[in-house]
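Content type mmCIF, C-alpha atoms, from the file upload-v3.cif:
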data_structure
loop_
_atom_site.label_atom_id
_atom_site.label_comp_id
_atom_site.auth_asym_id
_atom_site.auth_seq_id
_atom_site.Cartn_x
_atom_site.Cartn_y
_atom_site.Cartn_z
CA MET K 1 232.79 -24.12 51.38
CA LEU K 2 236.21 -25.51 50.48
CA SER K 3 238.34 -23.40 48.15
CA VAL K 4 240.39 -25.07 45.46
CA LEU K 5 243.72 -23.80 44.20
CA ALA K 6 243.85 -24.12 40.44
CA ASP K 7 247.60 -23.44 40.16
CA GLU K 8 249.45 -24.40 43.30
CA GLU K 9 252.77 -23.08 42.04
CA GLN K 10 251.60 -19.48 41.62
CA ARG K 11 249.57 -18.82 44.77
CA GLU K 12 250.98 -17.35 47.97
CA PRO K 13 250.67 -19.68 50.98
CA SER K 14 247.88 -19.10 53.49
CA LEU K 15 248.75 -21.87 55.90
CA GLY K 16 247.92 -19.86 58.99
CA ARG K 17 244.18 -19.68 58.31
CA THR K 18 241.91 -20.98 61.06
CA ASP K 19 238.51 -20.41 59.43
CA GLY K 20 238.52 -23.64 57.48
CA PRO K 21 240.56 -26.70 56.53
CA ARG K 22 244.21 -25.97 55.80
CA ARG K 23 245.09 -26.31 52.15
CA ARG K 24 247.79 -28.67 50.96
CA ALA K 25 251.31 -27.21 51.29
CA THR K 26 253.02 -26.68 47.92
CA ILE K 27 256.59 -26.91 46.73
CA HIS K 28 256.56 -23.10 46.70
CA ASP K 29 255.79 -23.07 50.44
CA VAL K 30 258.64 -25.46 51.22
CA ALA K 31 261.07 -23.50 49.09
CA LYS K 32 260.12 -20.24 50.82
CA LEU K 33 260.47 -21.71 54.32
CA ALA K 34 263.81 -23.38 53.53
CA GLY K 35 265.15 -20.38 51.61
CA VAL K 36 265.93 -22.35 48.45
CA SER K 37 264.61 -22.70 44.92
CA ARG K 38 261.80 -25.02 43.90
CA GLN K 39 264.30 -27.04 41.88
CA THR K 40 266.33 -27.63 45.05
CA VAL K 41 263.22 -28.77 46.91
CA SER K 42 262.43 -31.19 44.09
CA ARG K 43 265.95 -32.65 44.18
CA ALA K 44 265.83 -33.00 47.97
CA VAL K 45 262.45 -34.69 48.31
CA ASN K 46 263.03 -36.99 45.35
CA ASP K 47 266.61 -37.78 46.43
CA LYS K 48 267.95 -36.83 43.00
CA GLY K 49 270.92 -34.81 41.80
CA GLU K 50 273.80 -33.23 43.65
CA ILE K 51 272.70 -31.30 46.74
CA ASP K 52 274.55 -30.19 49.84
CA PRO K 53 273.66 -32.50 52.77
CA GLY K 54 272.96 -29.55 55.05
CA THR K 55 270.67 -27.96 52.47
CA LYS K 56 268.89 -31.25 51.92
CA GLU K 57 268.32 -31.66 55.66
CA ARG K 58 266.94 -28.12 55.88
CA VAL K 59 264.56 -28.74 52.98
CA LEU K 60 263.31 -32.04 54.40
CA GLU K 61 262.72 -30.43 57.79
CA ALA K 62 260.70 -27.66 56.13
CA ALA K 63 258.69 -30.29 54.25
CA ARG K 64 258.02 -32.13 57.50
CA LEU K 65 256.90 -28.99 59.31
CA LEU K 66 254.49 -28.11 56.50
CA ASP K 67 253.32 -31.69 56.01
CA TYR K 68 254.28 -31.29 52.37
CA ARG K 69 253.06 -34.04 50.06
CA PRO K 70 254.45 -33.92 46.51
CA SER K 71 251.68 -33.69 43.95
CA ARG K 72 250.87 -36.69 41.80
CA PHE K 73 251.97 -34.74 38.73
CA ALA K 74 255.31 -33.85 40.31
CA ARG K 75 255.91 -37.52 41.05
CA GLY K 76 255.03 -38.47 37.47
CA LEU K 77 252.36 -40.95 38.55
CA VAL K 78 249.79 -39.94 35.93
CA ARG K 79 249.80 -38.26 32.57
CA LYS K 80 249.30 -34.52 32.57
CA GLY K 81 245.63 -33.56 32.52
CA THR K 82 244.26 -36.75 34.10
CA VAL K 83 241.94 -36.17 37.06
CA THR K 84 241.54 -38.86 39.70
CA THR K 85 238.67 -38.78 42.18
CA GLY K 86 238.66 -40.89 45.32
CA LEU K 87 235.30 -42.45 46.24
CA VAL K 88 234.80 -43.62 49.84
CA ILE K 89 231.87 -46.02 50.26
CA PRO K 90 230.82 -47.42 53.68
CA ASP K 91 229.50 -50.83 52.63
CA LEU K 92 229.90 -52.32 49.17
CA MET K 93 227.75 -55.30 50.22
CA ASN K 94 224.72 -53.00 50.60
CA PRO K 95 223.21 -52.69 47.09
CA PHE K 96 222.40 -49.01 47.69
CA PHE K 97 226.02 -47.89 47.58
CA PRO K 98 227.13 -49.59 44.34
CA GLU K 99 224.32 -47.70 42.60
CA VAL K 100 225.65 -44.42 43.98
CA ALA K 101 229.13 -45.49 42.88
CA ALA K 102 227.77 -46.21 39.40
CA GLY K 103 226.54 -42.62 39.17
CA VAL K 104 229.96 -41.32 40.19
CA LEU K 105 231.74 -43.60 37.71
CA GLU K 106 229.44 -42.68 34.83
CA ALA K 107 229.79 -38.94 35.40
CA ALA K 108 233.55 -39.21 35.90
CA GLU K 109 233.97 -41.27 32.73
CA GLN K 110 232.09 -38.63 30.73
CA ARG K 111 234.71 -36.11 31.86
CA GLY K 112 237.62 -38.45 31.19
CA TRP K 113 238.36 -38.81 34.91
CA GLN K 114 239.56 -41.83 36.85
CA VAL K 115 237.94 -43.07 40.08
CA VAL K 116 239.61 -44.92 42.96
CA VAL K 117 237.12 -46.68 45.26
CA TRP K 118 237.73 -47.29 48.97
CA ASP K 119 235.42 -49.35 51.19
CA SER K 120 235.53 -47.83 54.69
CA ARG K 121 233.32 -50.58 56.17
CA THR K 122 231.53 -47.92 58.22
CA ASP K 123 234.65 -47.59 60.35
CA GLU K 124 235.84 -44.12 61.36
CA ALA K 125 239.50 -45.19 61.56
CA ARG K 126 239.31 -46.57 58.02
CA GLU K 127 237.75 -43.29 56.88
CA ARG K 128 240.76 -41.41 58.19
CA GLU K 129 243.10 -43.94 56.60
CA ALA K 130 241.26 -43.48 53.30
CA LEU K 131 241.85 -39.73 53.39
CA ASP K 132 245.51 -40.19 54.32
CA VAL K 133 245.99 -42.41 51.27
CA LEU K 134 243.72 -40.62 48.81
CA SER K 135 245.17 -37.20 49.62
CA HIS K 136 248.35 -38.49 47.95
CA GLN K 137 246.64 -40.27 45.06
CA ALA K 138 243.57 -38.23 44.13
CA ASP K 139 242.73 -34.69 43.05
CA ALA K 140 239.46 -34.74 45.02
CA VAL K 141 237.52 -37.06 47.31
CA VAL K 142 233.80 -37.90 47.32
CA GLY K 143 232.19 -40.09 49.92
CA TYR K 144 230.36 -41.02 53.10
CA PHE K 145 232.03 -40.07 56.37
CA LYS K 146 231.05 -40.39 60.02
CA ASN K 147 234.03 -38.33 61.23
CA PRO K 148 233.24 -34.66 61.99
CA ASP K 149 234.46 -31.87 59.73
CA ASP K 150 237.45 -30.86 61.85
CA VAL K 151 238.80 -34.43 61.84
CA LEU K 152 238.30 -34.79 58.09
CA ALA K 153 240.13 -31.50 57.50
CA ARG K 154 243.21 -32.74 59.37
CA HIS K 155 243.52 -35.74 57.07
CA LEU K 156 242.66 -34.08 53.74
CA GLY K 157 245.88 -32.19 53.15
CA GLY K 158 243.89 -29.57 51.22
CA VAL K 159 242.31 -31.95 48.71
CA PRO K 160 238.72 -30.93 47.78
CA LEU K 161 236.07 -33.01 49.53
CA VAL K 162 232.40 -33.59 48.66
CA LEU K 163 230.30 -35.29 51.32
CA LEU K 164 227.41 -37.58 50.41
CA GLU K 165 224.20 -37.44 52.48
CA ARG K 166 225.67 -35.07 55.08
CA GLY K 167 223.42 -32.19 53.97
CA PRO K 168 224.94 -28.95 52.62
CA GLU K 169 223.86 -26.90 55.64
CA ARG K 170 225.45 -29.37 58.10
CA THR K 171 229.04 -29.18 56.85
CA ARG K 172 231.60 -26.62 55.76
CA PHE K 173 232.55 -28.85 52.85
CA ALA K 174 230.68 -29.16 49.58
CA ALA K 175 227.92 -31.76 49.89
CA VAL K 176 224.99 -33.50 48.26
CA GLY K 177 222.09 -34.44 50.51
CA ILE K 178 218.99 -36.62 50.50
CA ASP K 179 215.87 -34.74 51.58
CA ALA K 180 214.63 -37.46 53.89
CA ALA K 181 212.04 -35.16 55.47
CA ALA K 182 210.32 -34.47 52.14
CA GLY K 183 210.26 -38.15 51.27
CA ILE K 184 208.96 -39.29 54.65
CA GLU K 185 206.25 -36.64 54.51
CA ARG K 186 204.96 -38.29 51.34
CA GLY K 187 205.28 -41.79 52.74
CA MET K 188 203.52 -41.05 56.02
CA ALA K 189 200.72 -39.20 54.22
CA HIS K 190 200.20 -42.32 52.08
CA LEU K 191 199.94 -44.57 55.16
CA VAL K 192 197.55 -42.19 56.93
CA ARG K 193 195.33 -41.94 53.83
CA ALA K 194 195.14 -45.74 53.90
CA GLY K 195 193.70 -45.52 57.42
CA HIS K 196 196.75 -46.35 59.53
CA ARG K 197 196.98 -44.66 62.96
CA ARG K 198 199.41 -46.99 64.74
CA ILE K 199 202.64 -46.74 62.75
CA GLY K 200 206.03 -47.88 64.01
CA MET K 201 209.54 -47.35 62.68
CA LEU K 202 212.61 -49.54 62.36
CA ASP K 203 215.67 -47.29 62.60
CA GLY K 204 219.26 -48.12 61.84
CA VAL K 205 221.10 -45.07 63.19
CA HIS K 206 222.15 -44.45 66.78
CA GLY K 207 222.54 -40.80 67.73
CA PRO K 208 221.37 -37.96 65.42
CA ALA K 209 218.98 -39.54 62.92
CA PRO K 210 217.25 -37.33 60.32
CA ARG K 211 214.92 -40.11 59.17
CA ARG K 212 213.74 -40.88 62.69
CA HIS K 213 213.25 -37.21 63.48
CA ALA K 214 211.26 -36.74 60.26
CA PHE K 215 209.14 -39.81 61.05
CA LEU K 216 208.28 -38.52 64.52
CA ALA K 217 207.58 -35.03 63.18
CA GLN K 218 205.12 -36.41 60.65
CA ALA K 219 203.49 -38.59 63.30
CA ARG K 220 202.90 -35.49 65.42
CA ARG K 221 201.64 -33.59 62.41
CA HIS K 222 198.98 -36.24 61.76
CA GLY K 223 198.07 -36.52 65.44
CA LEU K 224 199.24 -40.13 65.73
CA PRO K 225 199.88 -41.75 69.14
CA VAL K 226 203.56 -42.17 68.33
CA ASP K 227 206.69 -41.39 70.35
CA GLU K 228 210.22 -42.81 70.70
CA GLY K 229 208.67 -45.99 72.12
CA TRP K 230 207.28 -46.74 68.67
CA VAL K 231 210.80 -46.82 67.20
CA ALA K 232 212.90 -49.99 67.37
CA MET K 233 216.62 -49.99 66.62
CA CYS K 234 218.03 -52.53 64.18
CA PRO K 235 221.52 -53.88 64.91
CA GLU K 236 222.59 -53.49 61.28
CA HIS K 237 221.35 -52.10 57.95
CA SER K 238 220.43 -55.49 56.54
CA VAL K 239 217.55 -57.93 56.10
CA ALA K 240 218.69 -59.79 59.23
CA GLY K 241 218.88 -56.49 61.10
CA GLY K 242 215.33 -55.66 60.01
CA GLU K 243 214.08 -59.05 61.24
CA LYS K 244 215.58 -58.50 64.69
CA GLY K 245 214.26 -54.95 64.89
CA MET K 246 210.78 -56.05 63.87
CA GLU K 247 210.71 -58.74 66.53
CA ARG K 248 211.49 -56.07 69.14
CA LEU K 249 208.88 -53.70 67.75
CA LEU K 250 206.15 -56.34 67.73
CA ASP K 251 207.04 -57.33 71.29
CA GLY K 252 206.76 -53.72 72.47
CA ARG K 253 203.94 -52.47 70.23
CA PRO K 254 201.90 -55.45 69.04
CA GLU K 255 199.05 -53.09 68.08
CA ILE K 256 200.91 -51.53 65.12
CA THR K 257 199.29 -51.80 61.70
CA ALA K 258 202.10 -50.25 59.64
CA VAL K 259 205.85 -49.90 59.85
CA PHE K 260 208.38 -47.63 58.16
CA GLY K 261 211.85 -49.12 57.59
CA PHE K 262 215.04 -47.03 57.63
CA ASN K 263 215.97 -48.65 54.31
CA ASP K 264 214.62 -51.29 51.94
CA LEU K 265 216.75 -54.10 53.38
CA ILE K 266 215.37 -53.46 56.86
CA ALA K 267 211.83 -53.24 55.44
CA VAL K 268 212.21 -56.64 53.75
CA GLY K 269 213.44 -58.05 57.06
CA ALA K 270 210.33 -56.62 58.71
CA MET K 271 208.13 -58.46 56.21
CA ARG K 272 209.90 -61.75 56.96
CA ALA K 273 209.58 -61.31 60.74
CA ALA K 274 205.92 -60.34 60.43
CA GLY K 275 205.25 -63.49 58.43
CA ARG K 276 206.78 -65.65 61.14
CA ARG K 277 204.42 -63.99 63.63
CA GLY K 278 201.46 -64.93 61.47
CA ARG K 279 200.85 -61.40 60.17
CA THR K 280 200.10 -60.93 56.52
CA VAL K 281 201.46 -58.03 54.47
CA PRO K 282 199.65 -55.77 53.72
CA GLY K 283 196.48 -57.25 55.29
CA ASP K 284 197.66 -57.15 58.91
CA LEU K 285 200.72 -54.95 58.50
CA ALA K 286 201.66 -52.38 55.85
CA VAL K 287 205.39 -52.03 55.21
CA LEU K 288 207.11 -48.97 53.74
CA GLY K 289 210.79 -48.92 52.76
CA PHE K 290 213.29 -46.20 51.92
CA ASP K 291 215.92 -46.32 49.10
CA GLY K 292 214.18 -47.83 46.10
CA LEU K 293 216.39 -50.87 45.57
CA SER K 294 215.57 -53.25 42.73
CA LEU K 295 215.29 -55.91 45.43
CA GLY K 296 211.95 -54.40 46.39
CA GLU K 297 210.42 -55.55 43.11
CA LEU K 298 211.48 -59.15 43.69
CA VAL K 299 209.90 -59.83 47.08
CA GLN K 300 206.26 -60.82 47.58
CA PRO K 301 204.38 -58.62 47.97
CA ALA K 302 206.51 -56.06 46.15
CA LEU K 303 207.81 -53.36 48.48
CA THR K 304 206.30 -49.89 48.60
CA THR K 305 209.22 -47.53 49.04
CA LEU K 306 210.59 -44.02 48.93
CA HIS K 307 212.78 -44.21 45.87
CA ILE K 308 216.08 -42.30 45.76
CA ASP K 309 217.71 -41.60 42.40
CA LYS K 310 221.04 -42.97 43.53
CA ARG K 311 222.84 -42.38 40.24
CA LYS K 312 221.73 -38.76 40.32
CA LEU K 313 223.29 -38.51 43.77
CA GLY K 314 226.60 -39.71 42.33
CA ARG K 315 226.37 -37.41 39.30
CA LEU K 316 225.72 -34.39 41.52
CA ALA K 317 228.77 -35.24 43.59
CA VAL K 318 230.97 -35.24 40.48
CA GLU K 319 229.46 -31.91 39.42
CA GLN K 320 230.43 -30.53 42.83
CA VAL K 321 234.01 -31.71 42.29
CA ALA K 322 234.12 -30.06 38.87
CA ARG K 323 232.92 -26.77 40.35
CA LEU K 324 235.45 -26.87 43.15
CA ARG K 325 238.30 -27.61 40.76
CA ALA K 326 237.22 -24.66 38.62
CA GLY K 327 237.22 -22.36 41.65
CA GLU K 328 233.45 -21.92 41.47
CA GLU K 329 230.86 -21.94 44.23
CA PRO K 330 229.51 -25.45 44.88
CA ILE K 331 225.89 -26.25 44.11
CA GLY K 332 223.67 -25.10 46.97
CA GLY K 333 220.05 -24.78 47.99
CA ALA K 334 217.43 -27.15 46.60
CA ASP K 335 219.71 -28.15 43.70
CA ALA K 336 222.07 -29.89 46.14
CA TRP K 337 219.37 -32.24 47.39
CA VAL K 338 217.82 -35.41 45.97
CA VAL K 339 214.15 -35.79 46.95
CA PRO K 340 212.79 -39.37 47.37
CA GLU K 341 209.72 -40.28 45.34
CA LEU K 342 206.94 -42.49 46.68
CA VAL K 343 206.63 -45.73 44.69
CA VAL K 344 203.45 -47.62 45.66
CA ARG K 345 203.49 -51.40 45.30
CA GLY K 346 201.84 -54.26 47.13
CA SER K 347 203.28 -53.99 50.67
CA ALA K 348 201.50 -50.75 51.61
#
Represent the structure of the file as structure tokens.
Amino acid sequence: MLSVLADEEQREPSLGRTDGPRRRATIHDVAKLAGVSRQTVSRAVNDKGEIDPGTKERVLEAARLLDYRPSRFARGLVRKGTVTTGLVIPDLMNPFFPEVAAGVLEAAEQRGWQVVVWDSRTDEAREREALDVLSHQADAVVGYFKNPDDVLARHLGGVPLVLLERGPERTRFAAVGIDAAAGIERGMAHLVRAGHRRIGMLDGVHGPAPRRHAFLAQARRHGLPVDEGWVAMCPEHSVAGGEKGMERLLDGRPEITAVFGFNDLIAVGAMRAAGRRGRTVPGDLAVLGFDGLSLGELVQPALTTLHIDKRKLGRLAVEQVARLRAGEEPIGGADAWVVPELVVRGSA
């Protein structure tokens, strides 16, 4: 959990804590370390008013040591009372993420908040850059991050953070997760009921992969002859990536009768690659997606998918921010998860 300071001017500093991310240093902290008033700190950091050069140098050194970043209100950048939330999205070209962003924007607008969007392009360096910038510009940050908690904490400067799809039990920050395991349980049960015993997966995540682990767990549960060899990696989370992954899967496991795609774009790519191999969908190959994009209704046959309420995901993230700013406990347990719903269409 990340604590939020409601009134930074009135709290005593606790910069020596090691049990969580260090909070943002305040003007009070700088004044205390430099042995001057807050007014003197303000004059020094803003280069205003008459101030002794030695005193100014002492104040600026204290600010440097504490990594002090003047608040947006102190710099007069926004009107008093305005809340700005930073939103870090990994890929604005993937239609999944704009829908999540829409949920954040809608919920923020209802509260009279502003939102600043940053596209990290799934790059860890750009994630860190986003936090460096947004920690100066925003009152809180919501987003997708590949960097581990300790790295994020070093770049936050004490700004509240809500992680999307990290899973509340897998981070010390507030979070909103997608219960992939519950969704995949429903999807795999549907395929098994339809008579499929040879089911492959197209994954898009190297390293720890909750969707792949859930897929394999369900395969074992149903007694299917499935192991890691039935999973093909896609080079990217796109239709083209799904086509390449499906080609590899069909080369290695030509006996498959169904395939589960990491997301809907990959699943659509699987359908295209299967067609080129002369396999009909769903006659020769059932295809199941994950995300519930509107794109799935436009392809032929329409895509069966595990639908995620992406706007709800964004709204929950904003609710987490509101709780943190109020000094309340973030949402936890089942309420912090979005469960995918099986939507059956023509592909499976």
> Quick one: distance from atom CA of Val88 of chain K to atom CA of Ser120 of chain K in Å, one decimal?
Replying inline: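 So the answer is 6.5 Å.
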> Where does the PyMOL selection byres ((chain K and resi 126) around 12) land in this file, that is, which residues does it pick, as a ChimeraX atom specification?
Replying inline: /K:88-91,118-125,127-134,144-147,152,155
> Got a sec to resolve the PyMOL selection byres ((chain K and resi 212) around 12) on this structure and send the residues as a ChimeraX atom specification?
Replying inline: /K:180-181,184-185,200-211,213-219,226-233,260-263
>> Report as JSON, numbers by chain all protein, DNA and RNA residues lying within 9 Å of segment 222-224 of chain K, evaluated on only C-alpha atoms, omitting residues in the same chain fewer than 4 positions from it.
In response: {"K": [188, 189, 192, 197, 198, 199, 217, 218]}
> Do you have the atom CA of Leu306 of chain K-atom CA of Val281 of chain K distance handy?
Replying inline: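 Rounded to one decimal, the two atoms are 17.6 Å apart.
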> Expanded to explicit residues, what is the PyMOL selection byres ((chain K and resi 236-249) around 7) for this file, as number ranges by chain?
Replying inline: K: 202, 204, 232-235, 250-253, 265-270, 272-273
>> Within 6 Å of (239.4, -34.1, 41.6) in the file's own coordinates, which protein, DNA or RNA residues have an atom, counting only C-alpha atoms? List them as a list in words.
In response: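 Looking at atoms near the point gives Val83, Thr84, Thr85, Asp139, Ala140 and Val321 of chain K.
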> Leaving out Asp67 of chain K and any residue of its chain fewer than 5 positions from it, which residues lie within 10 Å of it when counting only C-alpha atoms, given as number ranges by chain?
Replying inline: K: 24-26, 30, 61-62, 157
>> Please report the interatomic distance between atom CA of Arg186 of chain K and atom CA of Leu303 of chain K in Å with one decimal.
In response: 15.6 Å
